[in-house]
$ cat my_file23.txt   # compact mmCIF, C-alpha atoms
# COMPACT_ATOMS: atom_id res chain seq x y z
CA MET R 1426 19.26 17.81 -32.93
CA GLN R 1427 17.36 16.94 -29.81
CA LYS R 1428 18.22 18.42 -26.41
CA ASN R 1429 18.09 16.36 -23.18
CA ASN R 1430 15.69 18.05 -20.71
CA PHE R 1431 16.37 16.01 -17.65
CA LYS R 1432 18.26 16.79 -14.45
CA LYS R 1433 20.49 14.40 -12.66
CA ALA R 1434 18.71 12.93 -9.64
CA GLY R 1435 20.44 13.27 -6.24
CA PHE R 1436 21.62 15.71 -3.63
CA THR R 1437 24.31 18.30 -3.79
CA LEU R 1438 27.29 18.08 -1.49
CA ILE R 1439 26.06 21.05 0.53
CA GLU R 1440 22.68 19.44 1.11
CA LEU R 1441 24.36 16.24 2.34
CA LEU R 1442 26.66 18.18 4.67
CA VAL R 1443 23.70 20.08 6.15
CA VAL R 1444 21.84 16.81 6.81
CA VAL R 1445 24.92 15.24 8.44
CA ALA R 1446 25.41 18.32 10.63
CA ILE R 1447 21.77 18.25 11.76
CA ILE R 1448 21.93 14.53 12.58
CA SER R 1449 25.17 15.04 14.52
CA LEU R 1450 23.67 17.89 16.53
CA LEU R 1451 20.53 15.91 17.38
CA SER R 1452 22.49 12.80 18.36
CA SER R 1453 24.80 14.80 20.66
CA ILE R 1454 21.73 16.27 22.41
CA VAL R 1455 20.20 12.81 22.82
CA PHE R 1456 23.44 11.31 24.18
CA ALA R 1457 23.93 14.19 26.64
CA ARG R 1458 20.43 13.66 28.01
CA LEU R 1459 20.99 9.93 28.14
CA ASN R 1460 24.15 10.41 30.23
CA SER R 1461 22.25 12.74 32.54
CA ALA R 1462 19.50 10.14 32.94
CA ARG R 1463 22.11 7.48 33.75
CA ALA R 1464 23.66 9.68 36.43
CA LYS R 1465 20.24 10.29 37.97
CA ALA R 1466 19.53 6.55 37.90
CA ARG R 1467 22.84 5.83 39.69
CA ASP R 1468 21.99 8.48 42.31
CA THR R 1469 18.56 6.95 42.84
CA ARG R 1470 20.19 3.56 43.37
CA ARG R 1471 22.70 5.05 45.83
CA ILE R 1472 19.92 6.64 47.90
CA SER R 1473 17.88 3.43 47.84
CA ASP R 1474 20.93 1.38 48.87
CA LEU R 1475 21.64 3.67 51.83
CA HIS R 1476 18.04 3.39 52.99
CA GLN R 1477 18.25 -0.41 52.77
CA ILE R 1478 21.50 -0.37 54.77
CA SER R 1479 19.85 1.93 57.31
CA ILE R 1480 16.95 -0.52 57.66
CA ALA R 1481 19.46 -3.35 58.12
CA LEU R 1482 21.23 -1.36 60.85
CA GLU R 1483 17.90 -0.83 62.62
CA MET R 1484 17.21 -4.59 62.39
CA PHE R 1485 20.69 -5.19 63.81
CA TYR R 1486 19.88 -2.80 66.65
CA ASP R 1487 16.58 -4.60 67.33
CA GLN R 1488 18.44 -7.94 67.56
CA GLN R 1489 21.51 -6.85 69.49
CA GLY R 1490 20.45 -3.70 71.37
CA ARG R 1491 23.24 -1.69 69.76
CA TYR R 1492 24.74 -0.75 66.40
CA PRO R 1493 27.96 -2.34 65.16
CA VAL R 1494 31.28 -0.62 65.80
CA ASN R 1495 33.79 -2.03 63.36
CA PRO R 1496 37.54 -1.53 63.64
CA GLY R 1497 37.91 0.58 60.50
CA GLY R 1498 40.18 -0.36 57.66
CA THR R 1499 43.13 0.59 55.51
CA TYR R 1500 40.89 1.58 52.60
CA TRP R 1501 37.41 3.04 52.41
CA ASP R 1502 36.18 1.10 49.42
CA ALA R 1503 36.09 -2.57 48.48
CA PHE R 1504 39.59 -2.53 46.92
CA SER R 1505 41.27 -4.28 49.82
CA PRO R 1506 38.87 -7.15 50.49
CA ASN R 1507 40.22 -8.14 53.90
CA THR R 1508 40.96 -4.74 55.44
CA SER R 1509 38.55 -2.21 53.96
CA HIS R 1510 35.86 -0.34 55.85
CA THR R 1511 33.38 -1.71 53.33
CA GLN R 1512 34.43 -5.32 53.94
CA TYR R 1513 34.34 -5.04 57.73
CA PHE R 1514 30.92 -3.44 57.56
CA SER R 1515 29.64 -6.05 55.08
CA ASN R 1516 30.97 -8.93 57.18
CA CYS R 1517 29.14 -7.56 60.20
CA LEU R 1518 25.74 -7.16 58.55
CA GLU R 1519 25.98 -10.35 56.45
CA LEU R 1520 27.77 -12.71 58.86
CA GLY R 1521 27.89 -11.12 62.31
CA ASN R 1522 31.73 -10.80 62.17
CA ASN R 1523 33.82 -7.64 62.77
CA CYS R 1524 30.96 -5.93 64.60
CA GLY R 1525 33.08 -4.68 67.50
CA PHE R 1526 31.59 -7.33 69.79
CA THR R 1527 30.37 -10.90 69.47
CA PRO R 1528 26.68 -10.82 68.56
CA THR R 1529 24.40 -13.30 70.33
CA SER R 1530 21.99 -15.45 68.33
CA TYR R 1531 22.83 -13.47 65.22
CA GLN R 1532 20.47 -13.60 62.26
CA PRO R 1533 21.92 -11.90 59.14
CA VAL R 1534 20.20 -8.59 58.45
CA MET R 1535 21.40 -8.35 54.83
CA SER R 1536 22.28 -11.13 52.44
CA LYS R 1537 24.62 -8.82 50.48
CA VAL R 1538 25.56 -5.26 51.38
CA PRO R 1539 25.41 -3.28 48.12
CA LEU R 1540 28.32 -1.38 46.63
CA SER R 1541 27.97 2.02 45.02
CA PRO R 1542 27.39 1.78 41.25
CA SER R 1543 30.70 3.61 40.68
CA ASP R 1544 32.77 1.58 43.16
CA ASP R 1545 35.15 -0.65 41.23
CA PRO R 1546 36.10 -3.48 43.63
CA ASN R 1547 39.30 -4.06 41.63
CA ALA R 1548 40.74 -0.58 42.20
CA SER R 1549 41.05 1.90 45.04
CA ASN R 1550 38.53 4.59 44.19
CA GLY R 1551 39.25 6.93 47.04
CA PHE R 1552 36.63 8.44 49.26
CA ASN R 1553 34.14 9.64 46.63
CA ASN R 1554 33.07 6.45 44.87
CA HIS R 1555 31.67 4.28 47.63
CA TYR R 1556 29.27 4.24 50.55
CA PHE R 1557 30.89 5.37 53.76
CA THR R 1558 29.85 4.44 57.24
CA GLY R 1559 30.48 6.15 60.52
CA VAL R 1560 30.42 3.07 62.67
CA GLU R 1561 34.16 2.58 63.02
CA HIS R 1562 35.59 3.52 66.41
CA ARG R 1563 32.29 5.12 67.50
CA GLY R 1564 29.81 4.39 70.25
CA PRO R 1565 27.26 1.61 69.79
CA GLN R 1566 24.24 3.94 69.83
CA CYS R 1567 24.80 5.85 66.58
CA TYR R 1568 25.80 5.63 62.93
CA ILE R 1569 26.21 7.74 59.82
CA LEU R 1570 25.89 6.57 56.23
CA GLY R 1571 26.83 8.61 53.19
CA THR R 1572 27.70 8.72 49.54
CA LYS R 1573 28.55 11.33 46.95
CA LEU R 1574 25.82 12.02 44.39
CA GLU R 1575 26.61 12.83 40.76
CA THR R 1576 23.72 15.23 40.23
CA ASN R 1577 22.31 18.17 42.13
CA SER R 1578 19.26 16.24 43.24
CA SER R 1579 16.46 17.83 45.23
CA VAL R 1580 16.83 14.97 47.74
CA LEU R 1581 19.92 16.81 49.03
CA ASN R 1582 17.51 19.29 50.61
CA SER R 1583 16.17 16.62 52.97
CA ASP R 1584 19.27 14.64 53.98
CA ALA R 1585 21.43 15.06 57.08
CA ASP R 1586 24.01 17.76 56.37
CA GLY R 1587 26.98 18.98 58.37
CA ASP R 1588 29.83 17.24 60.13
CA GLY R 1589 30.46 13.55 60.07
CA ARG R 1590 33.45 11.81 61.55
CA ILE R 1591 35.03 14.80 63.31
CA PRO R 1592 33.77 18.32 64.15
CA GLY R 1593 34.37 20.70 61.27
CA ASP R 1594 34.91 18.09 58.54
CA ASN R 1595 31.56 19.02 56.90
CA ILE R 1596 31.59 15.58 55.27
CA CYS R 1597 27.85 15.59 54.71
CA ALA R 1598 27.73 18.88 52.83
CA ASP R 1599 26.19 18.70 49.38
CA PRO R 1600 26.81 16.84 47.02
CA TYR R 1601 27.13 14.18 49.76
CA TYR R 1602 23.91 12.46 50.78
CA CYS R 1603 23.92 11.32 54.43
CA ILE R 1604 21.70 9.46 56.86
CA LYS R 1605 22.51 9.96 60.55
CA GLN R 1606 21.15 8.17 63.58
CA ASN R 1607 21.76 9.70 67.04
CA TRP R 1608 24.64 11.68 65.58
CA PRO R 1609 27.05 12.94 66.81
CA CYS R 1610 28.00 10.40 69.40
CA SER R 1611 31.15 9.26 71.11
$ encode --input "my_file23.txt" --output "structure tokens"
Amino acid sequence: MQKNNFKKAGFTLIELLVVVAIISLLSSIVFARLNSARAKARDTRRISDLHQISIALEMFYDQQGRYPVNPGGTYWDAFSPNTSHTQYFSNCLELGNNCGFTPTSYQPVMSKVPLSPSDDPNASNGFNNHYFTGVEHRGPQCYILGTKLETNSSVLNSDADGDGRIPGDNICADPYYCIKQNWPCS
């Protein structure tokens, strides 16, 4: 009688479970870092957008000798297209409408005012998911721009902190990133 001296080829159930557990752990680490990188990318875009808007406001000032003062709106974000702060502000910089006065010889300073990456124009997102402006009902020699960042970026150490619309509101405290020009003003 001859005896078979071969082993079955393959892995045991425990070995397969260990491999699956290791792959799951590594993939969760990769996805967590990927989400963090996405949040940092959105924050970088927000900061860049605010600087572009600030440049547009300075171009507006150079043309008109003042900053726009729009009437404000019923919503902060782009949800209500005809009555939102965002829409009034966009109409002013893009078209010269809703600026608080009638601009003379207006040349558009922005072709399209950007929205925050997390601002869904089809839903009211509240105060935290859009760019806010402090040009409504204010004097024509100042403005404030701001947005909420998702990460604790070092850029928060160099932005304009403190109050925004009213004394004591501390609207520009971290994690909000703000740019102020001649602020506060009346």
$ closest_residue --input "my_file23.txt" --among "R:Thr1529, R:Thr1437, R:Ser1543, R:Ser1583" --to "Gln1489 in chain R" --atoms "only C-alpha atoms"
R:Thr1529
$ closest_residue --input "my_file23.txt" --among "R:Val1534, R:Val1494, R:Leu1475, R:Cys1517" --to "Tyr1602 in chain R" --atoms "all atoms listed in the file"
R:Leu1475
$ closest_residue --input "my_file23.txt" --among "R:Cys1610, R:Phe1485, R:Ile1604, R:Ser1541" --to "Leu1520 in chain R" --atoms "all atoms listed in the file"
R:Phe1485
$ atom_distance --input "my_file23.txt" --atom1 "CA of Pro1496 in chain R" --atom2 "CA of Cys1524 in chain R"
8.0 Å
$ closest_residue --input "my_file23.txt" --among "R:Asp1586, R:Asp1544, R:Leu1574, R:Leu1441" --to "Pro1600 in chain R" --atoms "only C-alpha atoms"
R:Leu1574
$ closest_residue --input "my_file23.txt" --among "R:Leu1540, R:Ile1472, R:Cys1567, R:Val1444" --to "Arg1491 in chain R" --atoms "only C-alpha atoms"
R:Cys1567
$ atom_distance --input "my_file23.txt" --atom1 "CA of Gln1512 in chain R" --atom2 "CA of Pro1533 in chain R"
15.1 Å
$ closest_residue --input "my_file23.txt" --among "R:Ala1434, R:Asn1607, R:His1476, R:Ile1439" --to "Gln1566 in chain R" --atoms "all atoms listed in the file"
R:Asn1607
$ atom_distance --input "my_file23.txt" --atom1 "CA of Ile1480 in chain R" --atom2 "CA of Gln1606 in chain R"
11.3 Å
$ decode --input "my_file23.txt" --residues "range 1472-1485 of chain R" --atoms "all heavy atoms" --output "CSV table (one decimal), in the first residue's frame"
chain,number,residue,atom,x,y,z
R,1472,ILE,N,-10.2,79.9,0.4
R,1472,ILE,CA,-9.3,81.1,0.6
R,1472,ILE,C,-8.9,81.8,-0.7
R,1472,ILE,O,-8.9,83.0,-0.7
R,1472,ILE,CB,-8.0,80.6,1.4
R,1472,ILE,CG1,-8.4,80.1,2.8
R,1472,ILE,CG2,-6.9,81.6,1.4
R,1472,ILE,CD1,-7.3,79.3,3.5
R,1473,SER,N,-8.7,81.0,-1.7
R,1473,SER,CA,-8.3,81.6,-3.0
R,1473,SER,C,-9.5,82.4,-3.5
R,1473,SER,O,-9.4,83.5,-4.1
R,1473,SER,CB,-8.0,80.5,-4.0
R,1473,SER,OG,-7.8,81.0,-5.3
R,1474,ASP,N,-10.7,81.8,-3.4
R,1474,ASP,CA,-11.9,82.5,-3.9
R,1474,ASP,C,-12.1,83.8,-3.2
R,1474,ASP,O,-12.4,84.9,-3.8
R,1474,ASP,CB,-13.2,81.6,-3.6
R,1474,ASP,CG,-13.3,80.5,-4.6
R,1474,ASP,OD1,-12.6,80.4,-5.6
R,1474,ASP,OD2,-14.2,79.6,-4.4
R,1475,LEU,N,-11.9,83.8,-1.8
R,1475,LEU,CA,-12.1,85.1,-1.1
R,1475,LEU,C,-11.1,86.1,-1.5
R,1475,LEU,O,-11.4,87.3,-1.6
R,1475,LEU,CB,-12.0,84.9,0.4
R,1475,LEU,CG,-13.2,84.2,1.1
R,1475,LEU,CD1,-13.1,84.2,2.6
R,1475,LEU,CD2,-14.5,84.8,0.6
R,1476,HIS,N,-9.8,85.7,-1.8
R,1476,HIS,CA,-8.8,86.6,-2.3
R,1476,HIS,C,-9.2,87.2,-3.7
R,1476,HIS,O,-9.0,88.4,-3.9
R,1476,HIS,CB,-7.4,86.0,-2.3
R,1476,HIS,CG,-6.8,86.0,-0.9
R,1476,HIS,ND1,-6.3,87.0,-0.3
R,1476,HIS,CD2,-6.8,84.9,0.0
R,1476,HIS,CE1,-5.9,86.7,0.9
R,1476,HIS,NE2,-6.1,85.4,1.1
R,1477,GLN,N,-9.8,86.4,-4.5
R,1477,GLN,CA,-10.2,86.8,-5.8
R,1477,GLN,C,-11.4,87.8,-5.7
R,1477,GLN,O,-11.4,88.8,-6.4
R,1477,GLN,CB,-10.6,85.6,-6.7
R,1477,GLN,CG,-9.5,84.8,-7.2
R,1477,GLN,CD,-8.4,85.5,-7.9
R,1477,GLN,OE1,-8.7,86.3,-8.8
R,1477,GLN,NE2,-7.2,85.3,-7.6
R,1478,ILE,N,-12.3,87.5,-4.8
R,1478,ILE,CA,-13.4,88.5,-4.6
R,1478,ILE,C,-12.9,89.8,-4.0
R,1478,ILE,O,-13.3,90.9,-4.4
R,1478,ILE,CB,-14.5,87.8,-3.6
R,1478,ILE,CG1,-15.1,86.6,-4.3
R,1478,ILE,CG2,-15.5,88.9,-3.2
R,1478,ILE,CD1,-16.0,85.8,-3.4
R,1479,SER,N,-11.9,89.7,-3.1
R,1479,SER,CA,-11.3,90.9,-2.5
R,1479,SER,C,-10.6,91.7,-3.6
R,1479,SER,O,-10.8,93.0,-3.6
R,1479,SER,CB,-10.2,90.5,-1.5
R,1479,SER,OG,-9.6,91.6,-0.9
R,1480,ILE,N,-9.9,91.1,-4.5
R,1480,ILE,CA,-9.3,91.8,-5.7
R,1480,ILE,C,-10.4,92.5,-6.5
R,1480,ILE,O,-10.3,93.6,-6.9
R,1480,ILE,CB,-8.4,90.9,-6.5
R,1480,ILE,CG1,-7.2,90.5,-5.7
R,1480,ILE,CG2,-8.1,91.5,-7.9
R,1480,ILE,CD1,-6.4,89.3,-6.3
R,1481,ALA,N,-11.5,91.7,-6.7
R,1481,ALA,CA,-12.6,92.3,-7.5
R,1481,ALA,C,-13.2,93.5,-6.8
R,1481,ALA,O,-13.5,94.5,-7.5
R,1481,ALA,CB,-13.7,91.3,-7.8
R,1482,LEU,N,-13.3,93.5,-5.5
R,1482,LEU,CA,-13.8,94.6,-4.7
R,1482,LEU,C,-12.9,95.8,-4.8
R,1482,LEU,O,-13.3,97.0,-4.9
R,1482,LEU,CB,-14.1,94.2,-3.3
R,1482,LEU,CG,-15.3,93.4,-3.0
R,1482,LEU,CD1,-15.3,92.9,-1.6
R,1482,LEU,CD2,-16.6,94.2,-3.3
R,1483,GLU,N,-11.6,95.6,-4.8
R,1483,GLU,CA,-10.6,96.6,-5.0
R,1483,GLU,C,-10.7,97.2,-6.4
R,1483,GLU,O,-10.6,98.5,-6.6
R,1483,GLU,CB,-9.2,96.2,-4.7
R,1483,GLU,CG,-9.0,95.8,-3.2
R,1483,GLU,CD,-9.4,96.9,-2.3
R,1483,GLU,OE1,-9.1,98.1,-2.5
R,1483,GLU,OE2,-9.9,96.5,-1.2
R,1484,MET,N,-10.9,96.4,-7.4
R,1484,MET,CA,-11.1,96.9,-8.8
R,1484,MET,C,-12.4,97.7,-8.9
R,1484,MET,O,-12.5,98.8,-9.5
R,1484,MET,CB,-11.2,95.7,-9.8
R,1484,MET,CG,-9.8,95.0,-9.9
R,1484,MET,SD,-9.9,93.5,-10.9
R,1484,MET,CE,-10.6,94.0,-12.4
R,1485,PHE,N,-13.5,97.3,-8.2
R,1485,PHE,CA,-14.7,98.0,-8.1
R,1485,PHE,C,-14.5,99.4,-7.5
R,1485,PHE,O,-14.9,100.4,-8.0
R,1485,PHE,CB,-15.7,97.2,-7.3
R,1485,PHE,CG,-17.1,97.8,-7.3
R,1485,PHE,CD1,-18.1,97.4,-8.1
R,1485,PHE,CD2,-17.4,98.8,-6.4
R,1485,PHE,CE1,-19.4,97.9,-8.1
R,1485,PHE,CE2,-18.7,99.4,-6.3
R,1485,PHE,CZ,-19.7,98.9,-7.2
